[in-house]
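Note: the block below is coords26.cif and it holds mmCIF, C-alpha atoms and all ligand atoms.
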data_protein
loop_
_atom_site.label_atom_id
_atom_site.label_comp_id
_atom_site.auth_asym_id
_atom_site.auth_seq_id
_atom_site.Cartn_x
_atom_site.Cartn_y
_atom_site.Cartn_z
CA MET A 1 7.48 -3.08 -90.12
CA ASN A 2 9.35 0.19 -90.06
CA ASP A 3 8.12 0.71 -86.52
CA THR A 4 9.47 -2.69 -85.52
CA ARG A 5 12.81 -1.93 -87.12
CA ASP A 6 13.00 1.39 -85.29
CA LEU A 7 12.05 -0.23 -82.00
CA THR A 8 14.68 -2.94 -82.49
CA LYS A 9 17.30 -0.30 -83.20
CA ARG A 10 16.26 1.57 -80.07
CA LEU A 11 16.45 -1.61 -77.96
CA ALA A 12 19.89 -2.40 -79.34
CA GLU A 13 21.05 1.11 -78.44
CA LEU A 14 19.67 0.82 -74.90
CA LEU A 15 21.30 -2.60 -74.46
CA HIS A 16 24.63 -1.23 -75.65
CA ARG A 17 24.32 1.61 -73.14
CA GLU A 18 23.47 -0.83 -70.33
CA GLN A 19 26.53 -2.97 -71.11
CA GLY A 20 28.73 0.14 -71.26
CA ALA A 21 27.35 1.43 -67.98
CA LEU A 22 28.02 -1.90 -66.28
CA ALA A 23 31.61 -1.95 -67.56
CA ASP A 24 32.15 1.65 -66.38
CA PHE A 25 30.67 0.78 -62.99
CA LEU A 26 32.95 -2.26 -62.61
CA VAL A 27 36.07 -0.30 -63.61
CA ALA A 28 35.22 2.41 -61.04
CA LEU A 29 34.47 -0.28 -58.47
CA ALA A 30 37.82 -1.98 -59.12
CA ASP A 31 39.58 1.37 -58.46
CA PHE A 32 37.50 1.88 -55.32
CA ASP A 33 38.44 -1.61 -54.12
CA ARG A 34 42.12 -1.24 -55.01
CA GLU A 35 42.33 1.61 -52.50
CA ARG A 36 40.12 -0.25 -50.02
CA ARG A 37 37.85 2.80 -49.78
CA TRP A 38 35.13 0.69 -48.17
CA VAL A 39 37.23 0.56 -44.97
CA GLU A 40 36.81 4.34 -44.54
CA LEU A 41 33.05 3.87 -44.53
CA GLY A 42 33.23 1.19 -41.84
CA TYR A 43 32.64 -1.92 -43.97
CA THR A 44 34.59 -5.14 -43.60
CA SER A 45 34.58 -5.99 -47.31
CA LEU A 46 33.65 -4.73 -50.76
CA PHE A 47 30.81 -7.24 -50.76
CA TYR A 48 29.16 -5.62 -47.70
CA PHE A 49 29.73 -2.16 -49.13
CA LEU A 50 27.80 -3.18 -52.25
CA HIS A 51 25.08 -4.94 -50.30
CA ARG A 52 24.51 -2.41 -47.53
CA GLU A 53 25.69 0.94 -48.88
CA LEU A 54 24.51 0.56 -52.48
CA GLY A 55 21.56 -1.67 -51.60
CA LEU A 56 22.34 -4.48 -54.08
CA SER A 57 20.98 -7.95 -53.36
CA LYS A 58 23.58 -10.36 -52.02
CA GLY A 59 23.69 -12.16 -55.36
CA ALA A 60 24.15 -8.94 -57.37
CA ALA A 61 26.78 -7.72 -54.88
CA PHE A 62 28.66 -11.00 -55.15
CA TYR A 63 28.80 -10.91 -58.96
CA ARG A 64 30.04 -7.30 -58.97
CA LYS A 65 32.59 -7.89 -56.22
CA THR A 66 33.97 -10.90 -58.11
CA ALA A 67 34.13 -8.94 -61.38
CA ALA A 68 35.83 -5.92 -59.74
CA GLU A 69 38.48 -8.19 -58.21
CA LEU A 70 39.01 -10.00 -61.50
CA ILE A 71 39.43 -6.71 -63.40
CA GLN A 72 42.24 -5.72 -61.04
CA ARG A 73 44.18 -8.86 -61.97
CA TYR A 74 43.03 -9.24 -65.59
CA PRO A 75 42.10 -5.84 -67.11
CA GLU A 76 41.42 -7.51 -70.47
CA VAL A 77 38.08 -8.68 -69.00
CA VAL A 78 36.65 -5.13 -69.26
CA GLU A 79 36.20 -4.86 -73.03
CA PRO A 80 34.30 -8.17 -73.47
CA LEU A 81 31.98 -7.01 -70.64
CA ARG A 82 31.48 -3.67 -72.40
CA GLU A 83 30.76 -5.36 -75.74
CA GLY A 84 28.32 -7.79 -74.13
CA LYS A 85 30.44 -10.80 -75.07
CA LEU A 86 31.04 -11.72 -71.43
CA CYS A 87 28.10 -11.99 -69.06
CA ILE A 88 28.58 -10.99 -65.42
CA THR A 89 27.24 -14.37 -64.26
CA SER A 90 30.01 -16.08 -66.28
CA VAL A 91 32.66 -13.95 -64.57
CA VAL A 92 32.27 -16.00 -61.38
CA GLU A 93 33.12 -19.20 -63.26
CA LEU A 94 35.93 -17.51 -65.19
CA ALA A 95 37.46 -16.29 -61.89
CA LYS A 96 37.77 -19.90 -60.71
CA VAL A 97 39.95 -21.04 -63.60
CA ILE A 98 41.80 -18.09 -65.15
CA THR A 99 45.53 -17.91 -64.41
CA PRO A 100 48.37 -15.65 -65.63
CA GLU A 101 49.50 -18.54 -67.86
CA ASN A 102 46.17 -19.44 -69.47
CA ARG A 103 44.51 -15.99 -69.61
CA GLY A 104 44.78 -15.48 -73.39
CA GLU A 105 43.36 -18.87 -74.22
CA VAL A 106 40.73 -19.22 -71.46
CA LEU A 107 38.98 -15.85 -71.61
CA PRO A 108 37.44 -16.29 -75.12
CA ARG A 109 36.00 -19.64 -74.08
CA PHE A 110 33.56 -17.78 -71.80
CA PHE A 111 32.31 -15.40 -74.52
CA HIS A 112 28.54 -15.60 -75.17
CA ALA A 113 28.26 -18.42 -72.61
CA SER A 114 25.18 -18.84 -70.43
CA LYS A 115 25.69 -19.42 -66.70
CA ARG A 116 25.33 -23.17 -67.24
CA GLU A 117 27.72 -23.22 -70.20
CA ALA A 118 30.26 -21.19 -68.21
CA LYS A 119 30.03 -23.74 -65.40
CA ALA A 120 30.68 -26.53 -67.89
CA VAL A 121 33.73 -24.74 -69.32
CA ALA A 122 35.11 -24.15 -65.82
CA ALA A 123 34.54 -27.80 -64.88
CA GLU A 124 36.36 -28.92 -68.01
CA LEU A 125 39.35 -26.70 -67.23
CA ARG A 126 39.72 -27.90 -63.66
CA PRO A 127 42.08 -30.81 -63.10
CA ALA A 128 40.07 -34.05 -63.04
CA GLU A 129 41.59 -35.20 -59.77
CA ALA A 130 40.19 -32.14 -57.98
CA ALA A 131 36.58 -33.06 -58.73
CA PRO A 132 34.98 -34.38 -55.54
CA HIS A 133 33.65 -37.92 -55.62
CA ARG A 134 30.76 -38.43 -53.21
CA ASP A 135 28.93 -41.31 -51.66
CA VAL A 136 25.49 -40.28 -50.47
CA ILE A 137 24.04 -41.59 -47.23
CA THR A 138 20.35 -40.75 -46.93
CA VAL A 139 18.10 -41.26 -43.91
CA LEU A 140 14.53 -40.67 -45.00
CA ARG A 141 11.78 -39.26 -42.83
CA GLN A 142 8.46 -41.03 -42.37
CA ALA A 143 5.70 -38.60 -43.33
CA ALA A 144 3.86 -39.31 -40.05
CA THR A 145 6.80 -38.44 -37.80
CA ALA A 146 8.21 -34.99 -37.38
CA LYS A 147 11.83 -36.03 -37.83
CA ALA A 148 13.98 -34.01 -40.16
CA VAL A 149 15.51 -35.65 -43.16
CA THR A 150 19.24 -35.91 -42.78
CA ARG A 151 21.38 -36.39 -45.81
CA VAL A 152 25.09 -36.69 -45.33
CA GLU A 153 27.34 -36.48 -48.34
CA MET A 154 30.56 -38.29 -47.63
CA ALA A 155 33.49 -37.02 -49.64
CA THR A 156 36.05 -39.67 -50.45
CA ARG A 157 38.32 -36.96 -51.84
CA PRO A 158 38.62 -33.38 -50.67
CA ALA A 159 36.43 -30.83 -52.42
CA MET A 160 37.98 -28.38 -54.87
CA PRO A 161 40.08 -25.92 -52.84
CA GLY A 162 40.20 -22.20 -53.48
CA ALA A 163 36.65 -21.90 -54.81
CA VAL A 164 35.23 -18.41 -54.91
CA VAL A 165 33.31 -17.54 -51.74
CA GLN A 166 29.58 -17.51 -52.32
CA PRO A 167 27.42 -14.87 -50.64
CA ASP A 168 25.93 -15.96 -47.36
CA GLU A 169 22.25 -16.17 -48.13
CA PRO A 170 19.74 -15.35 -45.38
CA SER A 171 19.10 -18.58 -43.50
CA GLY A 172 15.54 -17.64 -42.57
CA GLN A 173 16.35 -18.30 -38.93
CA VAL A 174 15.00 -15.89 -36.34
CA ALA A 175 17.75 -13.85 -34.69
CA ALA A 176 18.02 -13.87 -30.91
CA SER A 177 17.05 -10.64 -29.17
CA PRO A 178 18.18 -7.93 -29.16
CA PRO A 179 18.13 -7.87 -32.96
CA CYS A 180 21.35 -7.41 -34.89
CA PRO A 181 21.58 -5.85 -38.35
CA PRO A 182 22.81 -8.14 -41.14
CA PRO A 183 26.27 -9.56 -40.39
CA SER A 184 29.05 -7.70 -42.04
CA ALA A 185 32.18 -9.82 -41.72
CA PRO A 186 32.85 -11.94 -44.77
CA LEU A 187 33.01 -15.66 -44.14
CA PRO A 188 36.27 -17.47 -44.80
CA ALA A 189 36.49 -19.42 -48.05
CA VAL A 190 34.43 -22.47 -47.15
CA LYS A 191 31.99 -24.38 -49.31
CA PRO A 192 28.52 -23.20 -48.29
CA ASP A 193 26.01 -25.70 -46.95
CA GLU A 194 22.84 -26.21 -48.91
CA ILE A 195 19.68 -25.55 -46.94
CA GLU A 196 16.38 -26.37 -48.56
CA PRO A 197 13.13 -25.33 -46.82
CA LEU A 198 10.73 -28.29 -46.43
CA THR A 199 8.02 -26.89 -44.15
CA GLY A 200 7.65 -23.81 -41.94
CA ASP A 201 10.11 -25.30 -39.45
CA LEU A 202 11.95 -28.14 -41.18
CA ARG A 203 14.95 -27.71 -43.42
CA ARG A 204 16.89 -30.30 -45.39
CA PHE A 205 20.54 -29.66 -44.70
CA HIS A 206 23.21 -30.95 -47.06
CA THR A 207 26.84 -30.75 -46.11
CA THR A 208 30.00 -32.54 -47.09
CA VAL A 209 31.89 -34.26 -44.31
CA SER A 210 34.97 -36.45 -43.92
CA LYS A 211 35.14 -40.05 -42.73
CA ARG A 212 36.77 -38.67 -39.59
CA PHE A 213 33.65 -36.60 -38.95
CA LEU A 214 31.39 -39.65 -39.37
CA ALA A 215 33.54 -41.62 -36.92
CA LYS A 216 33.19 -38.82 -34.36
CA LEU A 217 29.45 -38.65 -34.97
CA ALA A 218 29.14 -42.40 -34.30
CA ALA A 219 31.25 -42.05 -31.14
CA ALA A 220 29.10 -39.14 -29.94
CA ARG A 221 25.93 -41.16 -30.56
CA ASP A 222 27.41 -43.98 -28.43
CA ALA A 223 28.39 -41.52 -25.70
CA LEU A 224 24.82 -40.17 -25.63
CA SER A 225 23.19 -43.61 -25.67
CA HIS A 226 22.22 -43.27 -21.96
CA SER A 227 21.07 -39.65 -21.90
CA HIS A 228 19.64 -39.58 -25.45
CA PRO A 229 18.69 -43.20 -26.35
CA GLY A 230 17.93 -43.60 -30.03
CA ALA A 231 19.09 -40.07 -30.82
CA ASP A 232 19.07 -39.25 -34.53
CA THR A 233 21.80 -37.23 -36.21
CA GLU A 234 20.05 -33.93 -35.57
CA ALA A 235 19.69 -34.68 -31.84
CA VAL A 236 23.37 -35.65 -31.52
CA LEU A 237 24.58 -32.58 -33.39
CA GLU A 238 22.21 -30.29 -31.49
CA ALA A 239 23.46 -31.64 -28.14
CA ALA A 240 27.03 -30.96 -29.29
CA LEU A 241 26.15 -27.46 -30.48
CA ASP A 242 24.42 -26.69 -27.16
CA LEU A 243 27.62 -27.64 -25.33
CA LEU A 244 29.75 -25.52 -27.66
CA LEU A 245 27.49 -22.48 -27.35
CA ALA A 246 27.26 -22.84 -23.56
CA ALA A 247 31.08 -22.92 -23.38
CA LYS A 248 31.28 -19.80 -25.55
CA ASP A 249 28.66 -18.01 -23.42
CA LYS A 250 30.57 -18.97 -20.27
CA LYS A 251 33.70 -17.39 -21.74
CA LYS A 252 31.72 -14.21 -22.35
CA GLY A 253 30.38 -14.33 -18.78
CA LEU A 254 26.88 -15.04 -20.12
CA VAL A 255 25.63 -17.71 -17.73
CA GLU A 256 22.04 -18.16 -16.56
CA ASN A 257 22.84 -18.18 -12.85
CA PRO A 258 25.92 -16.05 -12.44
CA ARG A 259 27.98 -16.51 -9.31
CA PRO A 260 28.37 -13.42 -7.14
CA SER A 261 31.55 -11.47 -7.77
CA PRO A 262 34.50 -12.34 -5.55
CA ALA A 263 34.87 -10.19 -2.44
CA ARG A 264 38.30 -9.04 -3.60
CA PRO A 265 38.19 -8.09 -7.27
CA SER A 266 41.26 -8.61 -9.42
CA ALA A 267 43.73 -5.73 -9.29
CA SER A 268 44.72 -6.15 -12.95
CA PRO A 269 43.25 -3.44 -15.20
CA ARG A 270 43.06 -6.09 -17.95
CA HIS A 271 40.61 -8.12 -15.87
CA ILE A 272 37.00 -7.60 -16.95
CA PRO A 273 34.57 -8.63 -14.19
CA ALA A 274 32.01 -11.25 -15.25
CA GLU A 275 29.06 -8.93 -14.54
CA VAL A 276 30.62 -6.24 -16.77
CA LYS A 277 31.11 -8.77 -19.60
CA ARG A 278 27.50 -9.92 -19.21
CA ALA A 279 26.19 -6.35 -19.30
CA VAL A 280 28.20 -5.42 -22.40
CA TRP A 281 27.27 -8.57 -24.36
CA ALA A 282 23.62 -8.13 -23.39
CA ARG A 283 23.61 -4.42 -24.32
CA ASP A 284 25.41 -4.91 -27.66
CA GLY A 285 23.36 -7.93 -28.68
CA LYS A 286 26.26 -10.25 -29.57
CA CYS A 287 27.14 -8.30 -32.71
CA CYS A 288 29.77 -5.74 -33.75
CA ARG A 289 28.81 -2.16 -32.85
CA TRP A 290 31.29 -0.39 -35.13
CA PRO A 291 29.47 2.64 -36.57
CA LEU A 292 29.12 2.86 -40.34
CA ALA A 293 29.51 6.19 -42.12
CA SER A 294 26.03 5.76 -43.61
CA GLY A 295 24.44 5.14 -40.20
CA GLY A 296 23.80 1.87 -38.39
CA VAL A 297 26.49 -0.50 -37.20
CA CYS A 298 28.65 -3.24 -38.72
CA GLY A 299 26.52 -5.97 -37.12
CA SER A 300 28.95 -8.86 -37.73
CA THR A 301 28.27 -11.86 -35.51
CA THR A 302 31.57 -13.62 -36.17
CA ARG A 303 34.97 -13.31 -34.46
CA LEU A 304 33.62 -10.96 -31.81
CA GLU A 305 35.73 -9.45 -29.03
CA LEU A 306 35.31 -6.94 -26.24
CA ASP A 307 37.09 -3.69 -27.07
CA HIS A 308 38.04 -0.82 -24.78
CA VAL A 309 36.75 2.43 -26.34
CA VAL A 310 39.50 4.34 -24.53
CA PRO A 311 42.36 1.79 -24.57
CA LEU A 312 43.86 0.62 -21.27
CA ALA A 313 47.20 2.04 -22.47
CA ARG A 314 45.52 5.48 -22.63
CA GLY A 315 43.96 5.26 -19.17
CA GLY A 316 40.73 3.48 -20.17
CA THR A 317 39.02 1.19 -17.67
CA SER A 318 37.14 -2.08 -17.85
CA THR A 319 33.71 -0.59 -17.25
CA VAL A 320 30.45 -1.18 -19.10
CA SER A 321 30.52 2.34 -20.56
CA ASN A 322 34.10 1.95 -21.83
CA LEU A 323 33.59 -1.46 -23.41
CA ARG A 324 31.89 -2.50 -26.64
CA VAL A 325 31.56 -5.59 -28.78
CA LEU A 326 33.57 -5.41 -32.02
CA CYS A 327 34.42 -7.94 -34.71
CA ASP A 328 38.08 -8.83 -35.15
CA PHE A 329 38.38 -6.62 -38.26
CA HIS A 330 37.03 -3.53 -36.50
CA ASN A 331 38.93 -4.27 -33.29
CA GLN A 332 42.16 -4.17 -35.32
CA LEU A 333 40.98 -1.04 -37.15
CA ALA A 334 40.16 0.72 -33.86
CA ALA A 335 43.64 -0.10 -32.52
CA LYS A 336 45.26 1.14 -35.75
CA GLN A 337 43.36 4.41 -35.48
CA VAL A 338 44.59 4.94 -31.90
CA PHE A 339 48.13 3.57 -32.10
CA GLY A 340 48.96 3.83 -35.82
CA GLU A 341 49.82 1.18 -38.39
CA PRO A 342 53.59 0.81 -37.72
CA TRP A 343 53.07 0.33 -33.99
CA MET A 344 50.33 -2.25 -34.59
CA SER A 345 52.38 -4.28 -37.10
CA GLN A 346 54.66 -5.55 -34.32
CA PHE A 347 51.65 -7.39 -32.88
CA THR A 348 50.28 -8.75 -36.13
CA SER A 349 53.71 -9.98 -37.27
CA ARG A 350 54.35 -11.78 -33.99
CA SER A 351 50.73 -12.92 -33.57
CA ARG A 352 50.48 -11.11 -30.25
CA SER A 353 47.49 -9.22 -29.03
CA PRO A 354 47.67 -5.44 -29.00
CA PRO A 355 46.83 -3.76 -25.73
CA GLY A 356 43.01 -3.46 -25.41
ZN ZN A 401 32.62 -5.13 -37.34
#

Go ahead and render the structure in this file as structure tokens.
Ligand SMILES: [Zn+2]
Amino acid sequence: MNDTRDLTKRLAELLHREQGALADFLVALADFDRERRWVELGYTSLFYFLHRELGLSKGAAFYRKTAAELIQRYPEVVEPLREGKLCITSVVELAKVITPENRGEVLPRFFHASKREAKAVAAELRPAEAAPHRDVITVLRQAATAKAVTRVEMATRPAMPGAVVQPDEPSGQVAASPPCPPPSAPLPAVKPDEIEPLTGDLRRFHTTVSKRFLAKLAAARDALSHSHPGADTEAVLEAALDLLLAAKDKKKGLVENPRPSPARPSASPRHIPAEVKRAVWARDGKCCRWPLASGGVCGSTTRLELDHVVPLARGGTSTVSNLRVLCDFHNQLAAKQVFGEPWMSQFTSRSRSPPG
């Protein structure tokens, strides 16, 4: 019995230390984030710093990022975390509903709450009219056919705005070659789609759409009735996505049968010949090549642009060796490093592009 008492005491001590260490970590992280130190290391967000530099899983990184941001606005969150009254998984729910007006009253409601209980408290505190009401349209797959199940959730009211961004979980899809490291640009605040693996290849895909979207989908199905008779939702959407991606590739000069370059190339230094664009996109693998302080590259696959390593304004040229693929965040950062913040602000304030 004495042994058990001693062991219990020891466990309680260790738990207390763990809670204290987590609180200390989050306070230090909040300071790190306040000064945006992650930018110096090449990351596009605190989330990617935690995930890639510190090696936390995306879920763990997301909880800590949310807590560090919350601490900056509501420092009173620290002590309940240290005392173990507030669980880090509840912080995500708390962040959705706490305001400067309700902080004193709302915070204690999350003490000692499980993740599910915290969700319930947050749901209760949200205005009722913001809760989405959904009709569910389900097209079921026959077991014998290899057609994917398509479930469309039709929102009759808009979903709750301003929800905390969830981490982008790996989709399990195979990346196109050449391989890119994990993407590093944070996604804008959109509700994530739910993707549920069914078989090795099939996924059930749940997303919330508007009536306007469904009307367009019906119109697209009609428009494809000659070329794709009897097309299901997946076939219609895939045809649309193929068109969109082909248009994007064309803009990047990535076409399967490129036309020969014109006999008289453009005299403008801003002009990037199609074969140069193709070579740069192919070399850089359609992802941001900004180097990280810890090694590797940013790897973001969103909002990509071609960037002149030596800017045109400094005598750089539009050649393969002087061009690289960067995400929007790192393109802006590169320009700031060359031209300085005050000079760059004239472009950001007037929504004009800085010189490449
Ligand atoms: Zn980047």

Hey, which residues come within 8 Å of ligand ZN 401 (chain A) if we count all atoms listed in the file? Could you give them as a list of chain:residue names?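 Going residue by residue within 8 Å of ligand ZN 401 (chain A), we get A:Gly42, A:Tyr43, A:Thr44, A:Ser184, A:Ala185, A:Cys287, A:Cys288, A:Arg289, A:Trp290, A:Val297, A:Cys298, A:Gly299, A:Ser300, A:Leu326, A:Cys327, A:Asp328, A:Phe329, A:His330, A:Asn331.
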
Just how far from atom CA of Val280 of chain A is atom CA of Val320 of chain A, in Å to one decimal?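 These atoms are spaced 5.8 Å apart.
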
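Using only C-alpha atoms, the shortest contact distance between Pro273 of chain A and any of A:Ile98, A:Leu198, A:Leu237, A:Leu323 is found at A:Leu323.
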
Distance in Å - atom CA of Asp307 of chain A versus atom CA of Asp242 of chain A: 26.3 Å

Listing only residues of segment 58-99 of chain A within 10 Å of segment 103-107 of chain A, what is the closest atom pair and its distance in Å (to one decimal) for each, using only C-alpha atoms, sorted by chain and residue number ascending, as a tab-separated table?
residue	atom	partner	partner_atom	distance
A:Tyr74	CA	A:Arg103	CA	8.0
A:Glu76	CA	A:Leu107	CA	8.8
A:Val77	CA	A:Leu107	CA	7.7
A:Pro80	CA	A:Leu107	CA	9.2
A:Leu86	CA	A:Leu107	CA	9.0
A:Val91	CA	A:Leu107	CA	9.6
A:Leu94	CA	A:Leu107	CA	7.3
A:Ala95	CA	A:Leu107	CA	9.8
A:Val97	CA	A:Val106	CA	8.1
A:Ile98	CA	A:Arg103	CA	5.6
A:Thr99	CA	A:Arg103	CA	5.6

Just the residues within 10 Å of Leu29 of chain A, please, counting only C-alpha atoms, with nothing from its chain fewer than 2 positions along; format it as a tab-separated table (two decimals) with C-alpha atoms, keeping the file's coordinate frame.
chain	number	residue	atom	x	y	z
A	23	ALA	CA	31.61	-1.95	-67.56
A	24	ASP	CA	32.15	1.65	-66.38
A	25	PHE	CA	30.67	0.78	-62.99
A	26	LEU	CA	32.95	-2.26	-62.61
A	27	VAL	CA	36.07	-0.30	-63.61
A	31	ASP	CA	39.58	1.37	-58.46
A	32	PHE	CA	37.50	1.88	-55.32
A	33	ASP	CA	38.44	-1.61	-54.12
A	34	ARG	CA	42.12	-1.24	-55.01
A	37	ARG	CA	37.85	2.80	-49.78
A	46	LEU	CA	33.65	-4.73	-50.76
A	50	LEU	CA	27.80	-3.18	-52.25
A	64	ARG	CA	30.04	-7.30	-58.97
A	65	LYS	CA	32.59	-7.89	-56.22
A	67	ALA	CA	34.13	-8.94	-61.38
A	68	ALA	CA	35.83	-5.92	-59.74
A	69	GLU	CA	38.48	-8.19	-58.21
A	71	ILE	CA	39.43	-6.71	-63.40
A	72	GLN	CA	42.24	-5.72	-61.04

Straight-line distance linking atom CA of Leu224 of chain A with atom CA of Pro197 of chain A, stated in Å to one decimal: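 Separation between atom CA of Leu224 of chain A and atom CA of Pro197 of chain A: 28.4 Å.
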
Extract, using only C-alpha atoms, all DNA, RNA and protein residues at most 7 Å from Glu93 of chain A, discarding same-chain residues fewer than 6 positions from it, and format them as a ChimeraX atom specification. /A:118-119,122
